[in-house]
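Have a look at the structure below, then the notes.
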Amino acid sequence: MSSPGAGFEYPPQTVSWLKRDALLFAASIGCTDDELHFLYELDPNFSVFPTYSIVLPFKGDTQEAVDFYAAQKAIKIPGVPEFDARRVVDGQRLIQFLKPLPTTSAGKKFEVRTKVLGVYDKGRPGTVVELQVELVETGTGDVYSRMIGSSFYVAQGNWGGPKGPATVNYPPPQGKKPDAVFEDQTTKETALLYRLNGDYNPLHAHPEPGKKMGFGGSIIHGLYQYNSACHGLLKHFGGSDPNNIKEFQARFASPVRPGDKIITQAWRTGEIKGDFEEIRFVTSVEGGKVCLSNGRALIKVIAKIAAMPVQVQVQVGDRLSYDGALCTVRYIGKSKAPTAASFVRPTRTAETPQSFVAALKEKYTSEISAASAQIKFSGKIAEEVGFEKIRRRQADLAELKFAIVDGTRIAYDYADGDERIGDLCPKIVEADFSRNLFTRIGTVVQICSELPALRSVRLNGNRFQNILQDKILHDAHNIFSNVKDLAVEETLMSWEEVCHVATRFPALATLSADMNQLPSLPPTPFLTLSFTLTSLNLEWNEFTSFADLASLSELKSLRNLHLKGNNISALSANTVDAPPVFSESVQYLDLSYNQVTTWSFIDDLPASCPGLVSLRFAHNPIYDNPDPEFSQHSKVITEEAYMITVGRMAKLKSLNFGSISANNRQDAEMFYLARIGKHLAAVPEAEEAQVIKQHKRYTELCDLYGTPVVNRKKEINPAFLEARLVTVQFAFQPEEGEIVYRTTKIPMSFDIYRVKGIAGKLFEKYPLGLRLIWETGEFDPVAGFDDEVDDNSEDEATPEATSAAATDTDGLADNASLVGRKGGKWIKREVELQDGPRQLGFCVDGLQANVRVEVR
């Protein structure tokens, strides 16, 4: 579906410029006296700076100052709201340089042709308008530049439009020093000079618009930073030759104030497109935020920039690193396979692999020299207190206990001249070898063989080959005899390979094998794991039922089983087979973020996990919508799910990281039993047995709390007048005196205005000065039933909503046993009948309603 306004074309706009305009633009963006071809009109190579065309839509064909707001309001985009141009900022700009601009438009006719690519509703923050702007010579039809940009209309969203597509990001390389760094010291007059190019937005000249938009005063044009950064890149990499740049783009991330110093860092990527290399960059305010992100340019790098070294010959199976991104060579040459993966040019240089010893020294001993760099905040040097002592302690490798060398390009244990590991760092207790360049797990074994104090090993993100045939691993039992924790996450090992490695750790207590794309766990010898393993992490794999995990029933000491983020929806693979039964030692189970859709799963779970006392079950479909027939208020769905889960599982002591007290359990079981009563009331008496069959604890709960009252509503012939009248009991509390009650019958078809008229007449009050509150007679749980520790999910009720409900104490339940308990409380559900034409029958349930009347 196309975006509203997409394809709309503005009338062509005539534009023109003189040599004087080109000179002003170059001076305003920071060109210097060693670039006279931009600053001196008689220079034999006099040129217009390539990005000049980006200001022409603002300037038009006039030499006079432009009314910015009036120009923005001139034409409305059809199908979308009219936006306030006084609250607009730049979002992102891409410019493609197709032909060099003439130094003046005199003698030719140029126009800007603008087309809407999309208008996107970003909700409360605002609206994005994406445009394509082309500078065209009308006589020939030649396109000189093409600009694709977005404008952000602040706080002008929520009009029902599409959110728009996700943008492509171009982050700088991780772990690589920039190839160029340059600064631009702005002044109080920077924006006042730049605006003379035609961009006369008052936001950049007077403080008042900026204050209204929340910037605290005037800010510098986003396009100033944009053009300044382009100038710096072209100067540093392209020799200031306008022919040496093909594309330039950046995203406007945060404002720059007059007087700020902005610093640009740029990286060569080695990615060549024709004669142009991709350069990525980030521009930041000194000591502050990034102001230009997603920076990318295609520049023809001149010879004075050092040539890239020749790539070392690689072989299939090699592990390589490019700017911190790891890969495995699967093919060399030109592949015609339809599923071929990423390609790397032979000329691109891979980062140099290194030994464990070299990586350890690079990580820890080099930090002392690196610490000499000053840390600044807003231009002020920060004083470090205590960090030097910590660094020196870490640099003493002989005392190092925690070696975190993830992502340090380790490929082997030793290189020529390296010290012996056992002498260098004999006290290491935990070693994190994650995301390195190992090809054989035997290399890790050789490193660990010299670490006698080792207790924890992490191998996440590596790609080991021929694991089952590795002879060094086969005889590693003595090397890992004291290691209790092992992590092999995101290694893409098979379950057989995971167990083959884990069984070489005779005392292993905790095993993490998350994100290995495991669909099932076929039977494999567990050996000592059957009696030592107490915690197993299998999160974010591809299991669909407990049957896929049946082999784990052999783990007799397993206590904690983590299955978060799989696709589990059932206990058995089909209705015929019995589900697996795990050891009674399994006490904690994490099933969050799976695909459980029925409560029968929870009812049958104790049979598969007879020792289960602690469960995490949030973020399953059934938990997020526990009772569709009766759960109509999203703010209490999570609390209802909590209580239904507790009510169905008698032995549970903890749910979603929260302990279940005796009071919590009683509340939950009473709520669950009452909900069963609602389900019974919703079916004929002859079908009660079928409903009870779906609730295994019904008889047990009835013995504890009594049988719930089942009130079936008397059916009324819809043709009778009785079926179309609501008996309303109004209650009004005068300022002095007791509550006054009035009862009357009101047709369902009456709108709320007429209902207020009736109430006003009954109590002799002005109708529109009254509030009508429908007291539903039902109670909802609020706050504290489902607090998940360290869970960043936004699926729960918002803190604001919970707080607001909890402080409305006017309707608290009279039953003190249900109110004020730690872990949750109940509150009476009330709904205000809002003014409007909506009919009474659609605002209240049933044929009777209690309505409280209040004076506004």
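Identifiers in this document derive from the order of the structure tokens: chains are assigned A, B, ..., residues are numbered from 1 separately in each chain, and ligands are numbered from 1 in order of occurrence.
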
Leaving out Ser535 of chain A and any residue of its chain fewer than 4 positions from it, which residues lie within 7 Å of it when counting only C-alpha atoms, given as a PDB file with N, CA, C and O atoms, in the first residue's frame?
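This is the output file around_15.pdb:
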```pdb
ATOM      1  N   ALA A 509      28.512 -28.052  36.253  1.00  0.00           N
ATOM      2  CA  ALA A 509      27.231 -27.818  36.917  1.00  0.00           C
ATOM      3  C   ALA A 509      26.299 -26.964  36.060  1.00  0.00           C
ATOM      4  O   ALA A 509      25.077 -27.141  36.103  1.00  0.00           O
ATOM      5  N   THR A 510      26.844 -26.044  35.261  1.00  0.00           N
ATOM      6  CA  THR A 510      26.019 -25.131  34.451  1.00  0.00           C
ATOM      7  C   THR A 510      26.468 -25.192  33.002  1.00  0.00           C
ATOM      8  O   THR A 510      27.661 -25.013  32.710  1.00  0.00           O
ATOM      9  N   LEU A 511      25.518 -25.424  32.101  1.00  0.00           N
ATOM     10  CA  LEU A 511      25.804 -25.490  30.660  1.00  0.00           C
ATOM     11  C   LEU A 511      24.851 -24.555  29.930  1.00  0.00           C
ATOM     12  O   LEU A 511      23.632 -24.623  30.114  1.00  0.00           O
ATOM     13  N   LEU A 558      19.372 -32.265  37.563  1.00  0.00           N
ATOM     14  CA  LEU A 558      18.997 -30.987  36.954  1.00  0.00           C
ATOM     15  C   LEU A 558      17.964 -30.260  37.803  1.00  0.00           C
ATOM     16  O   LEU A 558      16.920 -30.820  38.144  1.00  0.00           O
ATOM     17  N   ARG A 559      18.230 -29.003  38.141  1.00  0.00           N
ATOM     18  CA  ARG A 559      17.313 -28.196  38.947  1.00  0.00           C
ATOM     19  C   ARG A 559      16.688 -27.047  38.152  1.00  0.00           C
ATOM     20  O   ARG A 559      15.528 -26.732  38.338  1.00  0.00           O
ATOM     21  N   ASN A 560      17.482 -26.417  37.283  1.00  0.00           N
ATOM     22  CA  ASN A 560      17.013 -25.234  36.553  1.00  0.00           C
ATOM     23  C   ASN A 560      17.076 -25.488  35.048  1.00  0.00           C
ATOM     24  O   ASN A 560      18.148 -25.815  34.519  1.00  0.00           O
ATOM     25  N   LEU A 561      15.951 -25.306  34.379  1.00  0.00           N
ATOM     26  CA  LEU A 561      15.888 -25.528  32.934  1.00  0.00           C
ATOM     27  C   LEU A 561      15.353 -24.254  32.283  1.00  0.00           C
ATOM     28  O   LEU A 561      14.215 -23.847  32.528  1.00  0.00           O
TER      29      LEU A 561
END
```

Query raised in the report: Which neighbours of Ile279 of chain A fall inside 8 Å, counting only C-alpha atoms, when residues of the same chain fewer than 5 positions from it are skipped, and could you give them as a PyMOL selection string?
Result: chain A and resi 266-269+296-299

Requested in this report: Using only C-alpha atoms, determine which residues lie at most 8 Å from segment 51-67 of chain A, disregarding the query and same-chain residues fewer than 3 positions distant; provide the list as number ranges by chain.
Outcome: A: 13-17, 22, 25, 48, 70-71, 95, 112, 135, 145, 147, 196-200, 227

Could the residues in this selection be written to a file with all heavy atoms, as a compact mmCIF listing (two decimals), in the first residue's frame?
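As a result, result10.txt now contains:
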```
# COMPACT_ATOMS: atom_id res chain seq x y z
N GLN A 13 9.99 24.46 -9.73
CA GLN A 13 10.43 25.73 -9.14
C GLN A 13 11.66 26.24 -9.89
O GLN A 13 12.69 25.56 -9.94
CB GLN A 13 10.76 25.52 -7.65
CG GLN A 13 11.29 26.77 -6.96
CD GLN A 13 11.80 26.46 -5.55
OE1 GLN A 13 11.88 25.30 -5.16
NE2 GLN A 13 12.15 27.50 -4.81
N THR A 14 11.56 27.40 -10.45
CA THR A 14 12.70 28.00 -11.16
C THR A 14 13.76 28.43 -10.14
O THR A 14 13.45 29.04 -9.11
CB THR A 14 12.25 29.21 -11.98
OG1 THR A 14 11.25 28.79 -12.92
CG2 THR A 14 13.43 29.81 -12.73
N VAL A 15 15.01 28.09 -10.44
CA VAL A 15 16.11 28.46 -9.55
C VAL A 15 17.23 29.09 -10.38
O VAL A 15 17.35 28.83 -11.59
CB VAL A 15 16.65 27.24 -8.76
CG1 VAL A 15 15.59 26.68 -7.84
CG2 VAL A 15 17.15 26.16 -9.70
N SER A 16 18.03 29.88 -9.72
CA SER A 16 19.17 30.51 -10.40
C SER A 16 20.23 30.86 -9.38
O SER A 16 19.96 30.94 -8.18
CB SER A 16 18.71 31.77 -11.14
OG SER A 16 18.23 32.74 -10.22
N TRP A 17 21.45 31.04 -9.86
CA TRP A 17 22.54 31.44 -8.98
C TRP A 17 23.61 32.18 -9.78
O TRP A 17 23.70 32.05 -11.00
CB TRP A 17 23.14 30.24 -8.25
CG TRP A 17 23.84 29.24 -9.15
CD1 TRP A 17 25.16 29.18 -9.45
CD2 TRP A 17 23.21 28.16 -9.87
NE1 TRP A 17 25.42 28.13 -10.29
CE2 TRP A 17 24.24 27.48 -10.56
CE3 TRP A 17 21.91 27.70 -9.99
CZ2 TRP A 17 24.00 26.38 -11.37
CZ3 TRP A 17 21.66 26.60 -10.79
CH2 TRP A 17 22.69 25.93 -11.47
N ALA A 22 27.95 31.15 -5.32
CA ALA A 22 28.85 30.01 -5.14
C ALA A 22 29.99 30.36 -4.19
O ALA A 22 30.39 29.54 -3.34
CB ALA A 22 29.40 29.55 -6.49
N PHE A 25 28.63 30.50 -0.57
CA PHE A 25 28.37 29.16 -0.03
C PHE A 25 29.67 28.51 0.42
O PHE A 25 29.76 27.96 1.53
CB PHE A 25 27.69 28.30 -1.09
CG PHE A 25 27.37 26.91 -0.63
CD1 PHE A 25 26.26 26.66 0.18
CD2 PHE A 25 28.18 25.83 -0.96
CE1 PHE A 25 25.96 25.38 0.63
CE2 PHE A 25 27.89 24.56 -0.53
CZ PHE A 25 26.79 24.33 0.27
N VAL A 48 31.93 25.24 -8.39
CA VAL A 48 30.92 25.32 -7.35
C VAL A 48 31.07 24.10 -6.44
O VAL A 48 31.23 22.97 -6.93
CB VAL A 48 29.50 25.35 -7.95
CG1 VAL A 48 28.44 25.44 -6.85
CG2 VAL A 48 29.36 26.52 -8.91
N ALA A 70 6.17 31.28 4.90
CA ALA A 70 5.22 31.43 3.81
C ALA A 70 5.55 30.49 2.67
O ALA A 70 4.66 29.90 2.04
CB ALA A 70 5.22 32.88 3.32
N ALA A 71 6.83 30.32 2.38
CA ALA A 71 7.24 29.42 1.30
C ALA A 71 6.87 27.98 1.62
O ALA A 71 6.47 27.22 0.73
CB ALA A 71 8.74 29.54 1.08
N ILE A 95 22.45 12.97 -1.22
CA ILE A 95 22.61 13.72 -2.47
C ILE A 95 23.53 12.94 -3.40
O ILE A 95 24.58 12.44 -2.96
CB ILE A 95 23.13 15.16 -2.21
CG1 ILE A 95 23.23 15.92 -3.52
CG2 ILE A 95 24.44 15.16 -1.46
CD1 ILE A 95 23.48 17.41 -3.34
N VAL A 112 13.91 23.17 -10.11
CA VAL A 112 13.90 22.09 -9.12
C VAL A 112 12.58 21.35 -9.24
O VAL A 112 11.51 21.98 -9.21
CB VAL A 112 14.08 22.65 -7.70
CG1 VAL A 112 13.75 21.59 -6.66
CG2 VAL A 112 15.51 23.15 -7.50
N LEU A 135 17.63 18.65 -9.54
CA LEU A 135 18.00 19.90 -10.20
C LEU A 135 18.17 19.60 -11.69
O LEU A 135 19.06 18.81 -12.08
CB LEU A 135 19.30 20.45 -9.62
CG LEU A 135 19.83 21.74 -10.27
CD1 LEU A 135 18.84 22.88 -10.09
CD2 LEU A 135 21.19 22.11 -9.69
N SER A 145 21.81 16.98 -10.16
CA SER A 145 21.92 16.33 -8.85
C SER A 145 20.55 15.81 -8.44
O SER A 145 19.52 16.33 -8.88
CB SER A 145 22.44 17.31 -7.78
OG SER A 145 21.53 18.37 -7.58
N MET A 147 18.47 14.66 -4.94
CA MET A 147 18.48 14.70 -3.48
C MET A 147 17.26 13.97 -2.93
O MET A 147 16.14 14.21 -3.40
CB MET A 147 18.49 16.15 -2.99
CG MET A 147 19.73 16.92 -3.38
SD MET A 147 19.50 18.72 -3.33
CE MET A 147 18.65 19.01 -4.89
N LEU A 196 22.39 33.15 4.67
CA LEU A 196 22.39 34.04 3.50
C LEU A 196 22.43 33.25 2.19
O LEU A 196 22.23 33.82 1.12
CB LEU A 196 23.59 35.00 3.55
CG LEU A 196 23.64 35.92 4.78
CD1 LEU A 196 24.83 36.85 4.68
CD2 LEU A 196 22.35 36.72 4.91
N ASN A 197 22.67 31.93 2.27
CA ASN A 197 22.60 31.10 1.08
C ASN A 197 21.16 30.87 0.63
O ASN A 197 20.93 30.35 -0.46
CB ASN A 197 23.27 29.74 1.34
CG ASN A 197 24.75 29.87 1.54
OD1 ASN A 197 25.47 30.34 0.67
ND2 ASN A 197 25.23 29.47 2.72
N GLY A 198 20.18 31.23 1.47
CA GLY A 198 18.78 31.09 1.08
C GLY A 198 17.93 30.36 2.09
O GLY A 198 16.70 30.38 1.98
N ASP A 199 18.55 29.72 3.09
CA ASP A 199 17.79 28.99 4.09
C ASP A 199 17.51 29.93 5.26
O ASP A 199 18.25 29.97 6.25
CB ASP A 199 18.57 27.76 4.56
CG ASP A 199 17.75 26.85 5.45
OD1 ASP A 199 16.64 27.25 5.86
OD2 ASP A 199 18.21 25.73 5.74
N TYR A 200 16.42 30.70 5.17
CA TYR A 200 16.13 31.77 6.11
C TYR A 200 15.20 31.34 7.25
O TYR A 200 14.46 32.14 7.79
CB TYR A 200 15.52 32.97 5.37
CG TYR A 200 16.51 33.68 4.48
CD1 TYR A 200 16.57 33.35 3.13
CD2 TYR A 200 17.35 34.64 4.99
CE1 TYR A 200 17.48 34.00 2.30
CE2 TYR A 200 18.26 35.29 4.17
CZ TYR A 200 18.33 34.96 2.82
OH TYR A 200 19.23 35.59 2.01
N ASN A 227 26.97 20.12 5.21
CA ASN A 227 27.88 20.64 4.18
C ASN A 227 29.31 20.76 4.70
O ASN A 227 30.27 20.50 3.98
CB ASN A 227 27.39 21.99 3.69
CG ASN A 227 26.13 21.88 2.85
OD1 ASN A 227 26.11 21.15 1.86
ND2 ASN A 227 25.08 22.58 3.23
```

At a cut-off of 10 Å, using only C-alpha atoms, what residues contact Phe505 of chain A? Leave out same-chain residues fewer than 5 positions from it and give the result as a compact mmCIF listing (two decimals) with N, CA, C and O atoms, in the first residue's frame.
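Wrote out00.txt, looks like this:
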```txt
# COMPACT_ATOMS: atom_id res chain seq x y z
N ALA A 476 40.68 -34.53 27.31
CA ALA A 476 40.79 -33.28 28.08
C ALA A 476 40.16 -33.37 29.46
O ALA A 476 40.05 -32.34 30.15
N HIS A 477 39.75 -34.56 29.93
CA HIS A 477 39.04 -34.67 31.20
C HIS A 477 39.84 -34.10 32.36
O HIS A 477 39.29 -33.38 33.22
N ASN A 478 41.11 -34.37 32.40
CA ASN A 478 41.93 -33.88 33.52
C ASN A 478 42.13 -32.37 33.46
O ASN A 478 42.22 -31.70 34.49
N ILE A 479 42.18 -31.83 32.25
CA ILE A 479 42.40 -30.38 32.10
C ILE A 479 41.21 -29.59 32.65
O ILE A 479 41.38 -28.55 33.27
N PHE A 480 39.99 -30.11 32.44
CA PHE A 480 38.78 -29.40 32.85
C PHE A 480 38.15 -30.01 34.11
O PHE A 480 36.96 -29.82 34.37
N SER A 481 38.93 -30.68 34.91
CA SER A 481 38.37 -31.41 36.05
C SER A 481 37.72 -30.50 37.09
O SER A 481 36.83 -30.95 37.83
N ASN A 482 38.12 -29.23 37.15
CA ASN A 482 37.56 -28.32 38.16
C ASN A 482 36.62 -27.28 37.58
O ASN A 482 36.12 -26.42 38.32
N VAL A 483 36.39 -27.31 36.27
CA VAL A 483 35.54 -26.30 35.63
C VAL A 483 34.07 -26.67 35.86
O VAL A 483 33.65 -27.79 35.56
N LYS A 484 33.30 -25.71 36.35
CA LYS A 484 31.89 -25.96 36.65
C LYS A 484 30.93 -25.25 35.71
O LYS A 484 29.75 -25.63 35.64
N ASP A 485 31.39 -24.24 34.99
CA ASP A 485 30.51 -23.47 34.10
C ASP A 485 31.07 -23.49 32.68
O ASP A 485 32.25 -23.17 32.46
N LEU A 486 30.19 -23.81 31.71
CA LEU A 486 30.59 -23.84 30.31
C LEU A 486 29.50 -23.18 29.47
O LEU A 486 28.30 -23.47 29.64
N HIS A 500 29.31 -33.85 23.49
CA HIS A 500 30.67 -34.38 23.36
C HIS A 500 31.67 -33.45 24.06
O HIS A 500 32.60 -33.92 24.72
N THR A 528 28.98 -38.31 33.02
CA THR A 528 28.94 -37.68 34.34
C THR A 528 27.93 -36.55 34.44
O THR A 528 27.53 -36.17 35.55
N LEU A 529 27.49 -36.01 33.28
CA LEU A 529 26.51 -34.92 33.32
C LEU A 529 25.22 -35.33 34.01
O LEU A 529 24.51 -34.50 34.58
N THR A 532 26.03 -34.40 37.64
CA THR A 532 26.66 -33.13 38.03
C THR A 532 25.90 -31.91 37.54
O THR A 532 25.92 -30.87 38.19
```

Report task. Skip Ser551 of chain A itself and residues of its chain fewer than 5 positions away, then list as a list of chain:residue names all residues within 12 Å of it, counting only C-alpha atoms. Result -> A:Trp495, A:Glu496, A:Cys499, A:Ser520, A:Leu521, A:Pro522, A:Pro523, A:Thr524, A:Pro525, A:Phe526, A:Ser530, A:Phe546, A:Lys556, A:Pro579, A:Pro580, A:Val581, A:Phe582, A:Ser583

Restricting it to all heavy atoms, dump the selection as a compact mmCIF listing (two decimals), in the first residue's frame.
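Generated file (result-v6.txt):
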```
# COMPACT_ATOMS: atom_id res chain seq x y z
N TRP A 495 23.53 -30.99 18.90
CA TRP A 495 23.41 -31.44 20.28
C TRP A 495 24.44 -32.52 20.59
O TRP A 495 24.99 -32.57 21.70
CB TRP A 495 22.00 -31.95 20.53
CG TRP A 495 21.75 -32.43 21.94
CD1 TRP A 495 21.37 -33.67 22.34
CD2 TRP A 495 21.88 -31.65 23.14
NE1 TRP A 495 21.24 -33.72 23.70
CE2 TRP A 495 21.54 -32.49 24.23
CE3 TRP A 495 22.22 -30.33 23.39
CZ2 TRP A 495 21.55 -32.05 25.54
CZ3 TRP A 495 22.23 -29.90 24.71
CH2 TRP A 495 21.90 -30.75 25.77
N GLU A 496 24.75 -33.36 19.62
CA GLU A 496 25.77 -34.39 19.83
C GLU A 496 27.13 -33.73 20.10
O GLU A 496 27.87 -34.17 20.99
CB GLU A 496 25.87 -35.29 18.60
CG GLU A 496 26.86 -36.44 18.76
CD GLU A 496 26.99 -37.29 17.51
OE1 GLU A 496 26.46 -36.87 16.46
OE2 GLU A 496 27.63 -38.36 17.57
N CYS A 499 27.17 -32.08 23.66
CA CYS A 499 27.36 -33.07 24.73
C CYS A 499 28.76 -33.68 24.69
O CYS A 499 29.35 -33.98 25.74
CB CYS A 499 26.31 -34.17 24.61
SG CYS A 499 24.63 -33.59 24.99
N SER A 520 15.75 -30.29 18.17
CA SER A 520 15.44 -31.37 19.13
C SER A 520 16.75 -31.83 19.75
O SER A 520 17.83 -31.47 19.29
CB SER A 520 14.74 -32.55 18.43
OG SER A 520 15.60 -33.11 17.45
N LEU A 521 16.62 -32.65 20.81
CA LEU A 521 17.79 -33.16 21.53
C LEU A 521 17.79 -34.68 21.44
O LEU A 521 17.21 -35.35 22.31
CB LEU A 521 17.77 -32.70 22.99
CG LEU A 521 17.64 -31.20 23.23
CD1 LEU A 521 17.67 -30.91 24.73
CD2 LEU A 521 18.71 -30.41 22.51
N PRO A 522 18.39 -35.25 20.40
CA PRO A 522 18.40 -36.71 20.28
C PRO A 522 19.18 -37.34 21.42
O PRO A 522 20.07 -36.72 22.00
CB PRO A 522 19.09 -36.94 18.93
CG PRO A 522 19.89 -35.70 18.69
CD PRO A 522 19.12 -34.59 19.31
N PRO A 523 18.84 -38.59 21.79
CA PRO A 523 19.55 -39.27 22.88
C PRO A 523 21.05 -39.35 22.59
O PRO A 523 21.47 -39.66 21.48
CB PRO A 523 18.92 -40.66 22.90
CG PRO A 523 17.57 -40.47 22.27
CD PRO A 523 17.75 -39.41 21.23
N THR A 524 21.83 -39.00 23.59
CA THR A 524 23.29 -39.06 23.47
C THR A 524 23.85 -39.33 24.86
O THR A 524 23.23 -38.94 25.86
CB THR A 524 23.84 -37.74 22.89
OG1 THR A 524 25.24 -37.86 22.64
CG2 THR A 524 23.60 -36.60 23.83
N PRO A 525 24.97 -39.99 24.99
CA PRO A 525 25.51 -40.31 26.32
C PRO A 525 25.81 -39.06 27.14
O PRO A 525 26.54 -38.18 26.69
CB PRO A 525 26.79 -41.09 26.01
CG PRO A 525 26.61 -41.62 24.62
CD PRO A 525 25.79 -40.60 23.90
N PHE A 526 25.21 -38.98 28.33
CA PHE A 526 25.46 -37.84 29.22
C PHE A 526 26.63 -38.11 30.16
O PHE A 526 27.18 -37.16 30.74
CB PHE A 526 24.21 -37.52 30.04
CG PHE A 526 23.13 -36.85 29.24
CD1 PHE A 526 21.83 -37.32 29.29
CD2 PHE A 526 23.41 -35.74 28.47
CE1 PHE A 526 20.82 -36.69 28.57
CE2 PHE A 526 22.42 -35.10 27.75
CZ PHE A 526 21.12 -35.58 27.79
N SER A 530 24.89 -36.61 33.95
CA SER A 530 23.65 -37.09 34.56
C SER A 530 23.59 -36.78 36.04
O SER A 530 22.51 -36.66 36.62
CB SER A 530 23.52 -38.60 34.35
OG SER A 530 23.44 -38.91 32.98
N PHE A 546 7.70 -30.39 24.43
CA PHE A 546 8.55 -31.04 25.42
C PHE A 546 9.10 -32.36 24.88
O PHE A 546 10.13 -32.85 25.36
CB PHE A 546 7.77 -31.28 26.72
CG PHE A 546 7.91 -30.17 27.71
CD1 PHE A 546 8.11 -28.87 27.28
CD2 PHE A 546 7.85 -30.40 29.07
CE1 PHE A 546 8.24 -27.83 28.19
CE2 PHE A 546 7.99 -29.38 29.99
CZ PHE A 546 8.18 -28.08 29.55
N LYS A 556 19.56 -36.52 36.25
CA LYS A 556 18.95 -36.77 37.55
C LYS A 556 19.19 -35.67 38.57
O LYS A 556 18.54 -35.64 39.62
CB LYS A 556 19.46 -38.11 38.12
CG LYS A 556 19.21 -39.29 37.20
CD LYS A 556 17.73 -39.43 36.85
CE LYS A 556 17.47 -40.63 35.95
NZ LYS A 556 16.05 -40.73 35.54
N PRO A 579 3.56 -37.30 27.24
CA PRO A 579 4.66 -36.32 27.34
C PRO A 579 5.80 -36.89 28.17
O PRO A 579 5.61 -37.79 28.99
CB PRO A 579 4.00 -35.13 28.04
CG PRO A 579 2.86 -35.72 28.80
CD PRO A 579 2.36 -36.87 27.97
N PRO A 580 7.01 -36.38 27.97
CA PRO A 580 8.15 -36.87 28.76
C PRO A 580 8.01 -36.45 30.22
O PRO A 580 7.33 -35.47 30.54
CB PRO A 580 9.35 -36.17 28.11
CG PRO A 580 8.78 -34.94 27.50
CD PRO A 580 7.40 -35.31 27.05
N VAL A 581 8.64 -37.21 31.09
CA VAL A 581 8.62 -36.91 32.52
C VAL A 581 10.05 -36.65 32.96
O VAL A 581 10.91 -37.52 32.85
CB VAL A 581 8.01 -38.06 33.34
CG1 VAL A 581 8.05 -37.74 34.83
CG2 VAL A 581 6.60 -38.36 32.88
N PHE A 582 10.30 -35.42 33.45
CA PHE A 582 11.63 -35.05 33.89
C PHE A 582 11.82 -35.42 35.35
O PHE A 582 10.87 -35.68 36.09
CB PHE A 582 11.87 -33.55 33.69
CG PHE A 582 11.77 -33.13 32.25
CD1 PHE A 582 10.71 -32.34 31.82
CD2 PHE A 582 12.71 -33.53 31.32
CE1 PHE A 582 10.61 -31.94 30.50
CE2 PHE A 582 12.62 -33.15 30.00
CZ PHE A 582 11.57 -32.37 29.58
N SER A 583 13.06 -35.41 35.76
CA SER A 583 13.40 -35.76 37.14
C SER A 583 12.71 -34.81 38.12
O SER A 583 12.49 -33.63 37.82
CB SER A 583 14.92 -35.70 37.33
OG SER A 583 15.25 -35.78 38.69
```

Requested in this report: For Pro78 of chain A, please output as a PyMOL selection string all residues within 10 Å (counting only C-alpha atoms; exclusion window: fewer than 5 positions along the same chain).
Outcome: chain A and resi 4-6+8

Query raised in the report: Near Thr598 of chain A, within 10 Å and counting only C-alpha atoms, which residues show up once chain neighbours fewer than 4 positions away are dropped, as a list in words?
Result: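 The filter keeps Ser569, Ala570, Ile602, Asp603, Asn620, Pro621, Ile622, Tyr623 and Pro626 of chain A.
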
**Report entry** Expected answer as a ChimeraX atom specification: strand (DSSP E) residues in segment 64-213 of chain A
**Finding:** /A:88-97,110-121,126-137,143-154,180-185

Query raised in the report: Could you pull out all residues of segment 547-714 of chain A with a DSSP call of helix (DSSP H, G or I) and give them as a PyMOL selection string?
Result: chain A and resi 547-554+600-608+621-624+634-648+662-681+685-693+698-705

Report task. Using only C-alpha atoms, find the one residue out of A:Asp470, A:Asp835, A:Glu130, A:Asp406 that sits nearest to Asp90 of chain A. Result ->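 Closest to Asp90 of chain A of all the choices is A:Glu130.
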
Query raised in the report: Given the choices A:Pro610, A:Gly658, A:Pro255, A:Gly647, which gets closest to Tyr698 of chain A if the distance is worked out from only C-alpha atoms?
Result: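 Smallest distance to Tyr698 of chain A is found for A:Gly647.
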